[in-house]
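These notes concern the structure reproduced below.
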2 protein chains.
Amino acid sequence: MHGPDEPEHAHSAVPIPDLSELDHALRSGGPELRAAVAKYRPADLGRDLSRRTIDAGLRILHVLDKRHAAAMLRSTHPVVAAQLIARCDCAHAVQLLDFLPTDQQVAVLGLVDAAKRAELDAAMDPADREHVKRLLAFPEGVVGRAMTPKLWRAELGSTAGAALEELRAHREDIEVAANLYIVDAGKLVGVAALREVAIAPPEALLADLMKRDPIAVQETTGRGDAAEIVRTHDFLSLPVVDPAGKLVGAVRVDDLLDAALDHLGTGQLNQAAVQGKLAGRAPYFQTSLLRVVRSRLTWLILLFVAETATGTVLRYFEDELAKVVALSFFVPLLIGTGGNAGSQTVSTIIRALALGEVRVRDVGRVVVREVTAGVLLGILLGVIAFFRALLWGVDYQLAMCVAVTILCVCTWANAVGATIPLVAQKVGIDPTVVSAPLITTLVDASGLFIYFTVAHFMIAELR
Amino acid sequence: MHGPDEPEHAHSAVPIPDLSELDHALRSGGPELRAAVAKYRPADLGRDLSRRTIDAGLRILHVLDKRHAAAMLRSTHPVVAAQLIARCDCAHAVQLLDFLPTDQQVAVLGLVDAAKRAELDAAMDPADREHVKRLLAFPEGVVGRAMTPKLWRAELGSTAGAALEELRAHREDIEVAANLYIVDAGKLVGVAALREVAIAPPEALLADLMKRDPIAVQETTGRGDAAEIVRTHDFLSLPVVDPAGKLVGAVRVDDLLDAALDHLGTGQLNQAAVQGKLAGRAPYFQTSLLRVVRSRLTWLILLFVAETATGTVLRYFEDELAKVVALSFFVPLLIGTGGNAGSQTVSTIIRALALGEVRVRDVGRVVVREVTAGVLLGILLGVIAFFRALLWGVDYQLAMCVAVTILCVCTWANAVGATIPLVAQKVGIDPTVVSAPLITTLVDASGLFIYFTVAHFMIAELR
């Protein structure tokens, strides 16, 4: 999967570079772009593409030679890589695909449309095409989709020296080499770590070196289960067998790590680690009850105090509530919807921040996008709320008031939800910690304020 | 870290075994326990210890020989491993520690109390003690804490054959061997993958084989950032240098994976993968707005419909609301607190389920535990709510009513929050999907019902 062909390239010494020079170079283009691109490692360029438009990605792709371009695509988000490949002409696309490991070929080809897929299929190496076709038949979440058939294997009667010779002869083709898998008539019968094979005498029999009865998974095993096994047993790769026990592929530990991190976001990982949640957290039944209460109480009190702001607003509108009791029927619904919309936005932004898809300076673009989404969601939910309210038998005025409030609250919640994580990041506070109480305070209390203000204008009794 | 000494052991063919036979054997003990323990791989025994008491863990530990016991501890949750080590006599504990890789020695010794720590320190191998002491000085979330100094290294002038000879000579001592790190006067100057060194002619110069200017991190780099680098560049291990560039250690990709999975839980990973969230999810700015709205709308409508149940309850108590308008001031606060308490419980249980710390058949123990926590939290929050309500100037009766409701709602929310994920798991529905709307419906609406019922008994005007 990650053969010896990772190219050498001029690069900065910073582990996760900012690549801000590229912003400028993309505007001027040509030789300046080429010079800027040469400053970064292809893998860093690839990670950064998530923040850019596909057009910008194409321009970067085209100033790189094919080897570097493919190295960049390896670390590019599969959705972006698929869009880039789809926009290249067919011959170029196939050359790029050819440099990619099987699991990435599968990911990319699984995402391009059917017409482009057929076109690329026709031009691909027939063996690769067959592999990809077979793996693409598996659903997203299983090992069959993430594995590669290009692994390091040897027959049971063979020796350490012969196995290493095989690795030497096919070094460009073998994608998983952390372990040597030993087969007998196609069936997986043993495993030997590369480090053991490498230090064994060349004439040593694999049958003596290997561990028998190795742990293997099926193609239909879930990725999470596979990750769990790898983790329990500290494997660097895991063999995959068919129901008859024949060796069909292997998954690398880092491809499972990819999936975990994609979902988690590294910011959360750093944070969780800092808070000692990782190693210090005891298993469920072994945490003392007092500790449970103490750890939850702080958070509950914080949210409780934030939530008391709603009481202040409601007291302020006591007269309105007394006049139109039916107004209070919708209070939990409006608060809940605002909170849900805001939370969706917050978690989207936190995730995008953690994965580097959004940076603090993108705040303008983010707010515009989220507010637009809020308006659209608000209109749709408002219509539903209107008819639901009428069904409850409240009058037309109040139903309309609820609908308008939902629209305003969704828009407002999305604006707040987009701003909080970015501001928190900017001032150096962890967004995951401050977002919940701030959303509660700002959206719940101000949502009620919006509700009663709208009611004032729209309900005759309150004017 | 995971040398060649993983022992052979009789075992089942199932990848993640249930180990239910152990339940029975632990009750009968002696030779029966020995027979049951021998049926499982040590690593699987280690993972399973999280669900058991420390006493049960000790009994299992004592029927294993030292090698197998250490193999079990390798996959045991660090908090549990530390408790077990602390309960062994010192000589035995040191022997077990000696079999553990450096990062696990660090994790365990970081968790035992100071007295035990001093006792173990005194009995440990002096070189190991120094390593551990140095690494323990780093906080939990950084690379310095997770790395090992026992890596595979060679001098710049050396050859592939000499480096392999070094690996052979120190095979038990080298914990990270996926990459050979090449140093010049202590400074990291290059890296060569084991697979490249293994297939190179023995006389090949490392200076010709290696990649120069390798990516390295500092001891103070966050684990999440390290994971991100490993992921971008597809490394199997990452070198760690001091500020002067001297090589001081390395972290393995799977130790970073451990951290990610510990936080995430494998259930969520499987689920996320199945829903196509992993590879199919586009980066933030490249997701079309329509797609954003569509993906969020379903969830918002579902929660909206669930939340309308609160309106039904409030309409039912219309008369009470008209009589005592101040009742409505506390509606968002009570609902919010119930929802927060319930969510805390749900996420705790889902996590414990995903990590195998809790199984469906533990439902009784779980509910008792969570209800007790709910009562304790409810009393504390109730007292706060009582005084907060008085400060708002509501009368004594209503303040008391709010306090009692908080207690009832917290207890009820925890009971519901503990039951939902376990029932969902039992009937084969993903707990992460159904929990939020069910908590909303059950806790919000029934919380209001509890509130008005309590009010009936406690507020004179309503009787």
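Following the order of the structure tokens, chains are lettered A, B, ..., residues in each are numbered from 1, and ligands are numbered from 1.
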
Checklist entry - stretch 217-366 of chain B: which residues are helix (DSSP H, G or I) by DSSP, as a count of residues only? => result 106

Next on the checklist: Residues near A:Ala178, anyone? I mean within 7 Å using only C-alpha atoms, not counting same-chain ones fewer than 3 positions away, as a PyMOL selection string.
Outcome noted: chain A and resi 193-194+236-237

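Excluding stretch 337-345 of chain A itself and any same-chain residue fewer than 6 positions from it, the protein and nucleic acid residues within 6 Å of it, counting only C-alpha atoms, are A:Val409, A:Cys410, A:Ala413, A:Asn414, A:Gly417.
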
Checklist entry - What lies within 12 Å of A:Gln95 using only C-alpha atoms, ignoring chain neighbours under 2 positions off, as a PyMOL selection string? => result chain A and resi 65-70+85+88-93+97-100+105+120+123-125

Item to check | Long-range neighbours of A:Leu49 as number ranges by chain, 10 Å cut-off, only C-alpha atoms, 4 positions minimum in chain | outcome: A: 44-45, 53-54, 56-58, 60, 72-73, 75-77, 80-81, 356-357; B: 283

Write a file of the selected residues as a compact mmCIF listing (two decimals), in the first residue's frame, keeping C-alpha atoms.
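Resulting contents of out-v2.txt:
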# COMPACT_ATOMS: atom_id res chain seq x y z
CA ASP A 44 1.07 17.82 3.14
CA LEU A 45 -0.23 19.26 -0.12
CA THR A 53 -11.68 24.27 -4.51
CA ILE A 54 -11.36 21.44 -7.01
CA ALA A 56 -7.23 24.97 -7.22
CA GLY A 57 -6.52 21.28 -6.65
CA LEU A 58 -6.31 20.66 -10.39
CA ILE A 60 -1.64 22.16 -8.12
CA MET A 72 -0.16 13.95 -3.14
CA LEU A 73 -3.32 12.03 -4.01
CA SER A 75 -3.02 11.67 1.38
CA THR A 76 -5.90 13.56 -0.24
CA HIS A 77 -9.40 12.99 1.10
CA VAL A 80 -11.53 15.18 -3.29
CA ALA A 81 -9.20 12.71 -4.97
CA GLY A 356 -7.98 20.92 8.99
CA GLU A 357 -10.83 21.33 6.50
CA PRO B 283 -14.73 17.79 3.30

Checklist entry - Could you pull the residues within 12 Å of A:Met147, counting only C-alpha atoms, minus those fewer than 6 positions along the same chain, as number ranges by chain? => result A: 1, 101-107, 131-132, 134-136, 138, 140-141, 175-176, 217-223, 226, 237-241, 247-256

Next on the checklist: Give me the residues near A:Ala415 as a list in words, where near means some atom within 10 Å (using only C-alpha atoms) and where sequence neighbours in that chain fewer than 5 positions away do not count.
Outcome noted: Gly342, Thr345, Val346, Val366, Val367, Val368, Arg369, Glu370, Val371, Thr372, Ala373, Gly374, Val409, Cys410 and Ile420 of chain A

Next on the checklist: Among stretch 116-228 of chain B, which ones does DSSP assign to strand (DSSP E or B) (computed from the backbone)? Answer as a PyMOL selection string.
Outcome noted: chain B and resi 142+148+151-155+159+176-184+187-193+205+211-212+217-218+222

Store the residues of this selection in a file with N, CA and C atoms, as a compact mmCIF listing (two decimals), in the first residue's frame.
# COMPACT_ATOMS: atom_id res chain seq x y z
N VAL B 142 0.95 13.79 25.55
CA VAL B 142 2.03 14.08 24.61
C VAL B 142 2.79 12.81 24.24
N THR B 148 8.86 4.90 23.12
CA THR B 148 9.82 4.02 23.77
C THR B 148 11.22 4.43 23.31
N LEU B 151 14.53 1.58 20.45
CA LEU B 151 14.24 1.51 19.03
C LEU B 151 15.46 0.94 18.29
N TRP B 152 15.28 0.74 17.00
CA TRP B 152 16.34 0.18 16.16
C TRP B 152 17.10 1.34 15.53
N ARG B 153 18.38 1.45 15.86
CA ARG B 153 19.16 2.56 15.33
C ARG B 153 20.51 2.09 14.82
N ALA B 154 21.13 2.91 13.97
CA ALA B 154 22.46 2.58 13.46
C ALA B 154 23.21 3.88 13.18
N GLU B 155 24.51 3.79 13.16
CA GLU B 155 25.33 4.96 12.84
C GLU B 155 25.34 5.18 11.32
N THR B 159 26.28 -0.43 7.67
CA THR B 159 25.69 -1.09 6.50
C THR B 159 24.38 -1.79 6.87
N VAL B 176 10.60 -1.17 18.75
CA VAL B 176 10.10 -0.59 17.51
C VAL B 176 11.11 -0.90 16.41
N ALA B 177 10.68 -1.72 15.43
CA ALA B 177 11.64 -2.13 14.40
C ALA B 177 11.08 -1.96 12.99
N ALA B 178 9.94 -1.28 12.84
CA ALA B 178 9.37 -1.10 11.51
C ALA B 178 10.26 -0.21 10.66
N ASN B 179 10.99 0.68 11.31
CA ASN B 179 11.93 1.55 10.62
C ASN B 179 13.26 1.58 11.34
N LEU B 180 14.32 1.65 10.56
CA LEU B 180 15.66 1.83 11.13
C LEU B 180 15.96 3.32 11.13
N TYR B 181 16.33 3.86 12.29
CA TYR B 181 16.67 5.27 12.37
C TYR B 181 18.18 5.42 12.37
N ILE B 182 18.66 6.29 11.50
CA ILE B 182 20.10 6.44 11.32
C ILE B 182 20.55 7.75 11.94
N VAL B 183 21.58 7.66 12.81
CA VAL B 183 22.04 8.83 13.54
C VAL B 183 23.49 9.15 13.21
N ASP B 184 23.81 10.42 13.36
CA ASP B 184 25.18 10.89 13.17
C ASP B 184 25.50 11.75 14.39
N LYS B 187 22.46 12.67 16.38
CA LYS B 187 21.40 13.39 15.68
C LYS B 187 20.73 12.50 14.64
N LEU B 188 19.42 12.57 14.56
CA LEU B 188 18.68 11.80 13.56
C LEU B 188 18.94 12.39 12.18
N VAL B 189 19.49 11.57 11.28
CA VAL B 189 19.78 12.10 9.93
C VAL B 189 19.05 11.34 8.83
N GLY B 190 18.50 10.16 9.14
CA GLY B 190 17.83 9.42 8.08
C GLY B 190 16.97 8.30 8.61
N VAL B 191 16.14 7.76 7.74
CA VAL B 191 15.27 6.65 8.09
C VAL B 191 15.24 5.67 6.92
N ALA B 192 15.22 4.37 7.25
CA ALA B 192 15.07 3.35 6.22
C ALA B 192 14.07 2.33 6.73
N ALA B 193 13.09 2.00 5.90
CA ALA B 193 12.08 1.02 6.31
C ALA B 193 12.73 -0.35 6.46
N LEU B 205 25.44 0.51 1.93
CA LEU B 205 25.61 1.56 2.94
C LEU B 205 24.26 2.15 3.30
N LYS B 211 16.27 7.54 3.61
CA LYS B 211 15.70 8.81 3.22
C LYS B 211 16.25 9.84 4.18
N ARG B 212 16.76 10.94 3.62
CA ARG B 212 17.35 11.98 4.46
C ARG B 212 16.26 12.92 4.97
N VAL B 217 9.03 14.23 15.44
CA VAL B 217 8.31 15.10 16.36
C VAL B 217 9.12 15.27 17.64
N GLN B 218 8.70 16.23 18.46
CA GLN B 218 9.33 16.46 19.75
C GLN B 218 8.58 15.67 20.82
N GLY B 222 1.68 16.82 20.76
CA GLY B 222 0.45 16.14 21.18
C GLY B 222 0.29 14.80 20.46

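When only C-alpha atoms are used to compute distances to chain B, the closest of the residues A:Thr405, A:Ser158, A:Thr232, A:Gln83 turns out to be A:Thr232.
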
Checklist entry - What is the distance between atom CA of A:Arg296 and atom CA of A:Pro332, in Å to one decimal? => result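 Interatomic distance, atom CA of A:Arg296 to atom CA of A:Pro332: 23.6 Å.
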
Checklist entry - Between atom CA of B:Ala82 and atom CA of B:Gly224, what is the distance, to one decimal in Å? => result 24.5 Å

Checklist entry - When you draw a straight line from atom CA of B:Arg315 to atom CA of A:Phe330, how long is it in Å? => result 9.7 Å
